[in-house]
Structures are given as C-alpha cells and as structure tokens.
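Student: Okay, here's the structure, questions in a sec.
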There are 2 protein chains.
Amino acid sequence: MTARVHPCEAALVSLPQRLLVAVSGGVDSVALLEALVRLGRKPVVLHLDHDWRAESAAEAKKVRALAKKHGLKIIAGKSRATKRTESTARIARYAFFDEAAKKAGLHDLVLAHHADDQVETFLLQLLRGTGSAGRGMEPEAKRGRLVLHRPWLALWKKEIVAYARARKLTWSEDGSNADTRHRRNLVRKRLLPYLAKLTGQETPRHLWRAAEIARAESEWLDELCAALASRRELPVANLRAAPLAQQRRIILRWLQARGIADIAFADVEAVRRLLTDRDPAKVNLSGNRFARRRAGLIFIA
Amino acid sequence: MTARVHPCEAALVSLPQRLLVAVSGGVDSVALLEALVRLGRKPVVLHLDHDWRAESAAEAKKVRALAKKHGLKIIAGKSRATKRTESTARIARYAFFDEAAKKAGLHDLVLAHHADDQVETFLLQLLRGTGSAGRGMEPEAKRGRLVLHRPWLALWKKEIVAYARARKLTWSEDGSNADTRHRRNLVRKRLLPYLAKLTGQETPRHLWRAAEIARAESEWLDELCAALASRRELPVANLRAAPLAQQRRIILRWLQARGIADIAFADVEAVRRLLTDRDPAKVNLSGNRFARRRAGLIFIA
C-alpha cells in the first residue's frame, strides 16, 4: 500500500530540484517549507524582516531556528523601505529576493500564494482599474532574473492551515494582516465576507474560477501580441489590421516593455487614437515621456 | 453656429434607419425613445406588460400614450411567465421581442442598457461562476432573428436621467427595482454602494473599464475559436495543439452551439480531459446528454 500524498505536497512534485523559498514565518510559508522538506528538497530559505512591527525580530529568529532545524541555508535581510504601504513592501521584498538569488546562484523561487490570495488579487485588480482586466497571479512567472513559482494557487488557505495543524507546525500570526488600512486587507476582511453573505458561500470559488479563466486567456493573448509588442516602434498598418482588443493589448505590453510606469486604460486608448487621428498631437505618458506617430510608426520619446 | 448634439443622441446616430425599440416605461427607455424621435427616427415601440405589479397596466397605458403622441406604431404584449424571477422575465421578454419583430418585419432592436447596467451584469457574471469569465453585455449582438443594439453602454444612468429631466419627460419608477430579492438588485442597491464606500467612488468606472476590456477580448477570442467550435465533432489533435485557454473556449462555444444548457466550468474541464485521458469515460452533461471520444473526435450524444 502506498500512502496518499497530501495535496499540499503533491502540488510541489514537479518543481525544479534546486530552489529558493520565501518564508515570512506565517502559516502559509511555514507549511510550504515543511512540505518541501518532506519531499526531500533542500531549499535555500529567504526571509525579509520588514522591521515595522514589534514582533518582527522575534519572527526572524523563529525562521532562522526553523532553517537550522532542517539544516537549510538561510539568507535573511532587513527591508530598507521606509513607508508602510503594500506597494513599497512589495518592491523591497523583490529587491531582496533578487539580491539573495544572486548570492545563492539560483533562479527558482517558490512562493506560498494560495487560492484565497488569488481571489483577493483578482478583486484588487478589478477594483483598481488598471490598463488590463483582472487576471490574478501566474503559477509561473519571470521577474527579472527570478522565476517565481506559485504551486499552491489552487489550494485554499483552510487546506494549508489544516496541513500545518496536522504536521503540528508552529507559526507567527502576521500582525499586519489585521490592519485594514491596507487595501488587500479590506478585501480580505470586509469585502469577501460581505460577498459571501450577499451572494453565497460559493462566491470565492466562482471568483477563483473567473481569475483562472482570465489568467489562461491573458497568457494566450500575450503570446498572440508578443511579436508586435516587443518591437521598438509600432507599425501603424499592422496594428490597424488587428482586432480592437489586440490593438489594446499590444499597446499595453509595448508601453510596459518600453519602461512606461502607471499605464492607465486612458493612456492605452490615447495611443490607440494615434492609429486613426489625422492630426495627432503627442500623447503624454508618465515620467515626462510621450508617444508620437511619424512615417507609419508609433514611437516613444 | 451648430448646436452640440447631446451625448444621449450622439450615441444613436449610427444605428440602422428602421428599428424596433423596447420601452418599459422607465426613465432609460423613455429617454431612449425621445432621443430616437429627436433624431428623426420612427421606431416601432415594443412594450411587454409583466403583469406582476399593480402598476403594470397603468405603465402600459402610458407607453401607449407616448407612442401615440409621437405617431409611432406600438406592439404590446402580456408576459406568460408565471414565476417572478429575473431569468423567466428575460426569457418571456425575448420571446415577445422575437414575435413582435416577426410581426413588424424588422430585425434591429434598440435597448436602453447603460453603463450602470453593464457594471451590474459584469459583477453578476463574475459572482455567478459560469463557464467563462465576466465580460458584460455586447453593444451589438445577434439573438435568434434579432440584432440587439445597446448604444448607451458607455453612458451612465445619471446622464440619462439628466437628459430626461432636461427634456421634461415623465416616466414610471420600476417598482421591481426596489425589490432586493433579485440578485441584480442586490448588486445595485447593496454591493455597488458598499464597494464605492470601501474602495472609492471611482470603482464603478474601473469595473466598467474591466468589462469593456474583457468584452473586446472575448469577441476577439471567439473569432479565433469559431472555426473549430462550429464543427459537429471536435478533432482531438487540433484541440491538443491549442493553448489551454483556447481549448477551454472552443469547448465552451462548441457545447453551446450543440445546444447544451447550464454549462459550468467543471463541464468544460471534464470535456477537456477527454483530450488526454487514456481511458475516457463519457462526460455527463445537462439534459441527459454526454460527450465522448472516439477515433480522434469528441462528439455529443
């Protein structure tokens, strides 16, 4: 008889052999580390101390102890972010991951994001009104020199907590999670419970499914747009021949590839009007840059 | 000097000359009729009396009077739907429109759906968990012999109400709108105000934009899937070669084209597994029908 592999472990089987794993000390990442170790992996542990909360030094100590217990290498850092917003925290986190990956000579980083995180991300993207529709996080994504792996996107938090309990793990409760100043926490603590009350307990599953469909479609559309979006200048004639949605996505991906930040839907539409307008003024973009059309090409200056 | 055309009228300029217009008697459709008449159109007015509310006979009378005032032909009907749900109401409405269109010898039907309706539809689709992600309503769509036109999807209710007030129109308040038993009304009266409070007044605009992006992308994806989805049987080899999202959408559209009702994401995924499973059992679908694979083809029996 063979014992059934727990879903939390089964989801990790096809990950690359040599890995980095991000461990904050919360239940998700502690469970992820446990599952990796039980599969015989020896990941390098990355821990970033955000130093915002009184407990953060104690948490860092616990993660160090955990790595030591399993005989794993750990790379720990302190965040240099001064503002306590989610976006500065994210920037600091990835800067640290990048540096640590260089130090360790590895590329593959496993993250413990799960289905609840995915639903939150999807809702946040929808409500934020970015240049593209919501599509959640990708199970595998390149980010600079890193390849991010999110093998638990189809597992719900409660399954992970049950696994952690069954394995008798200890973890730190993340104090910042209770802080509803963060938009993500507003979605988690207020909006999702409200939605479940209003439209039914199945709502998170429906949203997860919508995110999964949108994510896969987005991946496919990006493939179909890559050839044009990666050019230095956009050829007007080719773009004109494309369907509306493809024009929009090519322009969005092209602006991103050209290093334009904070791209709103209005920016995409303004650039799109350069395809047809007889007398195009320049389109102003963030960072004092602009798009302009000349000789059948759209370019950024 | 030329007077500026009001946005409510400007949006109608490119509609076909000969039209049907659905007029419930509420502010949206009464304003739509006014705008059409002011543009010199002579649409045939369609009115369906749902007979659920005490005021419905009085509303029907007002719509008749309005049509008479403008010298327009009117086709009125009474709903045969017995249950008071939104979906039975919709089915009864389109059955009536279809019949009325035949009677009038016309195909093009204008509907007064606006940006607020679009946002509600988009949220309802997301929360309902259908086989595809939300994408809202289409500005132009075929439905049986009808071509539906929704020229006001980019205009907000408050702009339409302002137009109706400026034109000194009178209209009936739809009593069913206040009835929060309906899911749509839950979204309108509770969820959207809550979202605005929680995440900002711009939230409806962000959701509208997400719906618009998703709608245009969906249209494009459907084009890319039409050739395979319209076949009687799905060729396994061709489908296998397609990206995940394309497989899903081809299967969804194919099942719809084969007349399968109530298609859930799980059904699509089950049919998709027929592409790879060595020993495929049949996949049960609604209405006692099923999908099966044989000789490199997936078919429905």
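Identifiers in this document derive from the order of the structure tokens: chains are assigned A, B, ..., residues are numbered from 1 separately in each chain, and ligands are numbered from 1 in order of occurrence.
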What residues in chain B lie within 7 Å of chain A, counting only C-alpha atoms, written as an MDAnalysis selection string?
Tutor: chainID B and resid 126:129 132:133 203 206:207 209:210 213:214 216:217 220 243:245
Student: Pick out the residues sitting within 10 Å of A:Arg143, and hand them over as a VMD selection string; count only C-alpha atoms, and ignore anything fewer than 5 positions along from it in its own chain.
Tutor: chain A and resid 94 98 107 148
Student: For the residues in that selection, give me N, CA and C atoms as an mmCIF file, in the first residue's frame.
Tutor:
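Printed below is selection.cif as written:
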data_model
loop_
_atom_site.group_PDB
_atom_site.id
_atom_site.type_symbol
_atom_site.label_atom_id
_atom_site.label_comp_id
_atom_site.auth_asym_id
_atom_site.auth_seq_id
_atom_site.Cartn_x
_atom_site.Cartn_y
_atom_site.Cartn_z
ATOM 1 N N TYR A 94 10.967 42.199 -3.417
ATOM 2 C CA TYR A 94 11.550 41.645 -4.645
ATOM 3 C C TYR A 94 12.998 42.094 -4.845
ATOM 4 N N ASP A 98 15.865 39.300 -5.257
ATOM 5 C CA ASP A 98 16.763 39.367 -6.394
ATOM 6 C C ASP A 98 18.220 39.259 -5.952
ATOM 7 N N HIS A 107 17.778 30.615 -9.366
ATOM 8 C CA HIS A 107 16.791 31.432 -10.069
ATOM 9 C C HIS A 107 15.360 31.156 -9.619
ATOM 10 N N LEU A 148 9.412 32.914 -10.655
ATOM 11 C CA LEU A 148 8.540 32.729 -9.493
ATOM 12 C C LEU A 148 7.648 31.514 -9.714
#
Student: Give me, as a list in words, the residues of stretch 148-290 of chain B that a backbone DSSP run labels strand (DSSP E).
Tutor: Leu148, His149, Leu234, Pro235, Val283, Asn284 and Phe290 of chain B
Student: Extract the full set of helix (DSSP H, G or I) residues from stretch 246-294 of chain A according to DSSP on the backbone, and format it as number ranges by chain.
Tutor: A: 246-257, 265-273
Student: Considering only C-alpha atoms, can you say which of B:His114, B:Val268, B:Leu224, B:Val37 comes closest to B:Val161?
Tutor: B:His114
Student: Quick one: residues within 10 Å of B:Ser79, only C-alpha atoms, excluding same-chain residues fewer than 4 positions away - as a VMD selection string?
Tutor: chain B and resid 48 to 52 88 to 89 91 to 93 95 to 96
Student: If you keep all heavy atoms, can you produce a file of those selected residues as an mmCIF file, in the first residue's frame?
Tutor:
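Written out: result-v1.cif:
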data_model
loop_
_atom_site.group_PDB
_atom_site.id
_atom_site.type_symbol
_atom_site.label_atom_id
_atom_site.label_comp_id
_atom_site.auth_asym_id
_atom_site.auth_seq_id
_atom_site.Cartn_x
_atom_site.Cartn_y
_atom_site.Cartn_z
ATOM 1 N N LEU B 48 -43.722 45.139 -23.200
ATOM 2 C CA LEU B 48 -44.227 43.903 -22.601
ATOM 3 C C LEU B 48 -44.707 44.187 -21.178
ATOM 4 O O LEU B 48 -43.953 44.685 -20.342
ATOM 5 C CB LEU B 48 -43.142 42.822 -22.572
ATOM 6 C CG LEU B 48 -43.602 41.472 -22.004
ATOM 7 C CD1 LEU B 48 -44.678 40.835 -22.879
ATOM 8 C CD2 LEU B 48 -42.430 40.516 -21.837
ATOM 9 N N ASP B 49 -45.962 43.841 -20.926
ATOM 10 C CA ASP B 49 -46.554 44.026 -19.595
ATOM 11 C C ASP B 49 -46.337 42.733 -18.807
ATOM 12 O O ASP B 49 -46.893 41.689 -19.139
ATOM 13 C CB ASP B 49 -48.050 44.316 -19.795
ATOM 14 C CG ASP B 49 -48.762 44.520 -18.458
ATOM 15 O OD1 ASP B 49 -48.118 44.321 -17.411
ATOM 16 O OD2 ASP B 49 -49.945 44.876 -18.499
ATOM 17 N N HIS B 50 -45.493 42.823 -17.755
ATOM 18 C CA HIS B 50 -45.203 41.603 -16.995
ATOM 19 C C HIS B 50 -46.335 41.228 -16.041
ATOM 20 O O HIS B 50 -46.368 40.126 -15.521
ATOM 21 C CB HIS B 50 -43.896 41.748 -16.206
ATOM 22 C CG HIS B 50 -42.691 41.481 -17.049
ATOM 23 N ND1 HIS B 50 -42.409 40.251 -17.556
ATOM 24 C CD2 HIS B 50 -41.721 42.305 -17.502
ATOM 25 C CE1 HIS B 50 -41.302 40.308 -18.270
ATOM 26 N NE2 HIS B 50 -40.870 41.552 -18.265
ATOM 27 N N ASP B 51 -47.213 42.183 -15.796
ATOM 28 C CA ASP B 51 -48.433 41.896 -15.044
ATOM 29 C C ASP B 51 -48.164 41.418 -13.614
ATOM 30 O O ASP B 51 -48.977 40.714 -13.028
ATOM 31 C CB ASP B 51 -49.252 40.844 -15.808
ATOM 32 C CG ASP B 51 -50.739 40.924 -15.455
ATOM 33 O OD1 ASP B 51 -51.186 41.982 -14.952
ATOM 34 O OD2 ASP B 51 -51.426 39.936 -15.661
ATOM 35 N N TRP B 52 -46.980 41.717 -13.100
ATOM 36 C CA TRP B 52 -46.663 41.257 -11.745
ATOM 37 C C TRP B 52 -47.038 42.288 -10.693
ATOM 38 O O TRP B 52 -47.305 41.966 -9.559
ATOM 39 C CB TRP B 52 -45.141 41.022 -11.604
ATOM 40 C CG TRP B 52 -44.657 39.865 -12.366
ATOM 41 C CD1 TRP B 52 -45.392 38.877 -12.933
ATOM 42 C CD2 TRP B 52 -43.288 39.569 -12.639
ATOM 43 N NE1 TRP B 52 -44.583 37.979 -13.545
ATOM 44 C CE2 TRP B 52 -43.279 38.374 -13.385
ATOM 45 C CE3 TRP B 52 -42.075 40.179 -12.335
ATOM 46 C CZ2 TRP B 52 -42.102 37.791 -13.812
ATOM 47 C CZ3 TRP B 52 -40.917 39.600 -12.762
ATOM 48 C CH2 TRP B 52 -40.934 38.416 -13.500
ATOM 49 N N THR B 88 -36.779 34.067 -15.786
ATOM 50 C CA THR B 88 -38.036 33.810 -16.508
ATOM 51 C C THR B 88 -38.525 35.092 -17.168
ATOM 52 O O THR B 88 -39.067 35.068 -18.269
ATOM 53 C CB THR B 88 -39.146 33.254 -15.590
ATOM 54 O OG1 THR B 88 -39.312 34.155 -14.498
ATOM 55 C CG2 THR B 88 -38.807 31.881 -15.072
ATOM 56 N N ALA B 89 -38.319 36.227 -16.501
ATOM 57 C CA ALA B 89 -38.709 37.506 -17.094
ATOM 58 C C ALA B 89 -37.935 37.744 -18.383
ATOM 59 O O ALA B 89 -38.493 38.192 -19.381
ATOM 60 C CB ALA B 89 -38.455 38.642 -16.102
ATOM 61 N N ILE B 91 -36.535 35.493 -20.377
ATOM 62 C CA ILE B 91 -36.978 34.554 -21.412
ATOM 63 C C ILE B 91 -38.290 35.040 -22.033
ATOM 64 O O ILE B 91 -38.441 35.079 -23.258
ATOM 65 C CB ILE B 91 -37.124 33.130 -20.819
ATOM 66 C CG1 ILE B 91 -35.738 32.572 -20.489
ATOM 67 C CG2 ILE B 91 -37.861 32.206 -21.788
ATOM 68 C CD1 ILE B 91 -35.748 31.361 -19.584
ATOM 69 N N ALA B 92 -39.229 35.455 -21.179
ATOM 70 C CA ALA B 92 -40.522 35.943 -21.682
ATOM 71 C C ALA B 92 -40.329 37.180 -22.546
ATOM 72 O O ALA B 92 -40.951 37.342 -23.593
ATOM 73 C CB ALA B 92 -41.441 36.267 -20.499
ATOM 74 N N ARG B 93 -39.404 38.057 -22.107
ATOM 75 C CA ARG B 93 -39.161 39.309 -22.826
ATOM 76 C C ARG B 93 -38.645 39.018 -24.235
ATOM 77 O O ARG B 93 -39.142 39.575 -25.210
ATOM 78 C CB ARG B 93 -38.155 40.150 -22.037
ATOM 79 C CG ARG B 93 -38.149 41.614 -22.403
ATOM 80 C CD ARG B 93 -37.593 42.487 -21.272
ATOM 81 N NE ARG B 93 -36.254 42.084 -20.849
ATOM 82 C CZ ARG B 93 -35.912 41.802 -19.599
ATOM 83 N NH1 ARG B 93 -36.803 41.874 -18.619
ATOM 84 N NH2 ARG B 93 -34.686 41.455 -19.301
ATOM 85 N N ALA B 95 -38.865 36.227 -25.969
ATOM 86 C CA ALA B 95 -39.873 35.518 -26.771
ATOM 87 C C ALA B 95 -40.834 36.542 -27.379
ATOM 88 O O ALA B 95 -41.193 36.464 -28.559
ATOM 89 C CB ALA B 95 -40.626 34.527 -25.893
ATOM 90 N N PHE B 96 -41.213 37.519 -26.569
ATOM 91 C CA PHE B 96 -42.107 38.577 -27.064
ATOM 92 C C PHE B 96 -41.423 39.420 -28.135
ATOM 93 O O PHE B 96 -42.008 39.699 -29.195
ATOM 94 C CB PHE B 96 -42.561 39.453 -25.884
ATOM 95 C CG PHE B 96 -43.160 40.766 -26.314
ATOM 96 C CD1 PHE B 96 -44.381 40.812 -26.977
ATOM 97 C CD2 PHE B 96 -42.491 41.964 -26.057
ATOM 98 C CE1 PHE B 96 -44.929 42.026 -27.386
ATOM 99 C CE2 PHE B 96 -43.030 43.175 -26.463
ATOM 100 C CZ PHE B 96 -44.247 43.210 -27.135
#
Student: Counting only C-alpha atoms, figure out which residue out of A:Gly287, A:Val119, A:Arg240, A:Arg232 gets nearest to A:Ile300.
Tutor: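 The closest residue to A:Ile300 is A:Arg232.
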Student: Could you pull the residues within 12 Å of B:Asp277, counting only C-alpha atoms, minus those fewer than 4 positions along the same chain, as JSON, numbers by chain?
Tutor: {"B": [236, 240, 270, 271, 272, 273, 281, 282, 283, 292, 293]}
Student: May I have the selected residues written with N, CA, C and O atoms, as a PDB file, in the first residue's frame?
Tutor:
ATOM      1  N   VAL B 236      -9.539  15.951 -31.943  1.00  0.00           N
ATOM      2  CA  VAL B 236      -8.681  15.927 -30.752  1.00  0.00           C
ATOM      3  C   VAL B 236      -7.300  16.516 -31.042  1.00  0.00           C
ATOM      4  O   VAL B 236      -6.777  17.319 -30.266  1.00  0.00           O
ATOM      5  N   ARG B 240      -5.656  19.645 -29.103  1.00  0.00           N
ATOM      6  CA  ARG B 240      -4.472  19.432 -28.266  1.00  0.00           C
ATOM      7  C   ARG B 240      -3.374  20.455 -28.564  1.00  0.00           C
ATOM      8  O   ARG B 240      -2.632  20.853 -27.692  1.00  0.00           O
ATOM      9  N   ALA B 270     -14.029  18.860 -17.789  1.00  0.00           N
ATOM     10  CA  ALA B 270     -14.232  17.408 -17.947  1.00  0.00           C
ATOM     11  C   ALA B 270     -14.102  17.018 -19.422  1.00  0.00           C
ATOM     12  O   ALA B 270     -13.452  16.020 -19.747  1.00  0.00           O
ATOM     13  N   VAL B 271     -14.683  17.812 -20.308  1.00  0.00           N
ATOM     14  CA  VAL B 271     -14.551  17.525 -21.741  1.00  0.00           C
ATOM     15  C   VAL B 271     -13.090  17.662 -22.150  1.00  0.00           C
ATOM     16  O   VAL B 271     -12.565  16.880 -22.944  1.00  0.00           O
ATOM     17  N   ARG B 272     -12.428  18.657 -21.577  1.00  0.00           N
ATOM     18  CA  ARG B 272     -11.017  18.879 -21.909  1.00  0.00           C
ATOM     19  C   ARG B 272     -10.153  17.667 -21.521  1.00  0.00           C
ATOM     20  O   ARG B 272      -9.177  17.343 -22.200  1.00  0.00           O
ATOM     21  N   ARG B 273     -10.533  16.999 -20.451  1.00  0.00           N
ATOM     22  CA  ARG B 273      -9.756  15.820 -20.039  1.00  0.00           C
ATOM     23  C   ARG B 273      -9.879  14.682 -21.043  1.00  0.00           C
ATOM     24  O   ARG B 273      -9.029  13.792 -21.084  1.00  0.00           O
ATOM     25  N   ALA B 281     -13.974   7.818 -19.709  1.00  0.00           N
ATOM     26  CA  ALA B 281     -15.393   7.532 -19.525  1.00  0.00           C
ATOM     27  C   ALA B 281     -16.160   8.622 -20.245  1.00  0.00           C
ATOM     28  O   ALA B 281     -15.590   9.613 -20.663  1.00  0.00           O
ATOM     29  N   LYS B 282     -17.436   8.467 -20.406  1.00  0.00           N
ATOM     30  CA  LYS B 282     -18.199   9.544 -21.021  1.00  0.00           C
ATOM     31  C   LYS B 282     -18.344  10.674 -20.015  1.00  0.00           C
ATOM     32  O   LYS B 282     -18.309  10.464 -18.799  1.00  0.00           O
ATOM     33  N   VAL B 283     -18.490  11.880 -20.510  1.00  0.00           N
ATOM     34  CA  VAL B 283     -18.701  13.056 -19.657  1.00  0.00           C
ATOM     35  C   VAL B 283     -20.184  13.408 -19.690  1.00  0.00           C
ATOM     36  O   VAL B 283     -20.732  13.717 -20.752  1.00  0.00           O
ATOM     37  N   ARG B 292     -18.269  12.235 -25.660  1.00  0.00           N
ATOM     38  CA  ARG B 292     -17.470  11.018 -25.692  1.00  0.00           C
ATOM     39  C   ARG B 292     -16.403  11.177 -26.773  1.00  0.00           C
ATOM     40  O   ARG B 292     -16.573  11.963 -27.697  1.00  0.00           O
ATOM     41  N   ARG B 293     -15.329  10.412 -26.630  1.00  0.00           N
ATOM     42  CA  ARG B 293     -14.249  10.493 -27.608  1.00  0.00           C
ATOM     43  C   ARG B 293     -14.130   9.166 -28.349  1.00  0.00           C
ATOM     44  O   ARG B 293     -14.152   8.097 -27.726  1.00  0.00           O
TER      45      ARG B 293
END
Student: I'd like to know which of A:Trp254, A:Ser24, A:Ala154, A:Leu36 is closest to A:Glu9, using only C-alpha atoms.
Tutor: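 Ranked by minimum distance to A:Glu9, first place goes to A:Leu36.
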Student: List the neighbours of B:Gln118 out to 7 Å using only C-alpha atoms; skip same-chain residues closer than 3 positions along the sequence, and give me the result as a PyMOL selection string.
Tutor: chain B and resi 114-115+121-122+136-137+153+208
Student: Just the residues within 10 Å of B:Ala11, please, counting only C-alpha atoms, with nothing from its chain fewer than 5 positions along; format it as a list in words.
Tutor: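 Residues meeting the cut-off are Val5, His6, Ala35, Arg150, Pro151, Trp152, Leu153, Ala154 and Leu155 of chain B.
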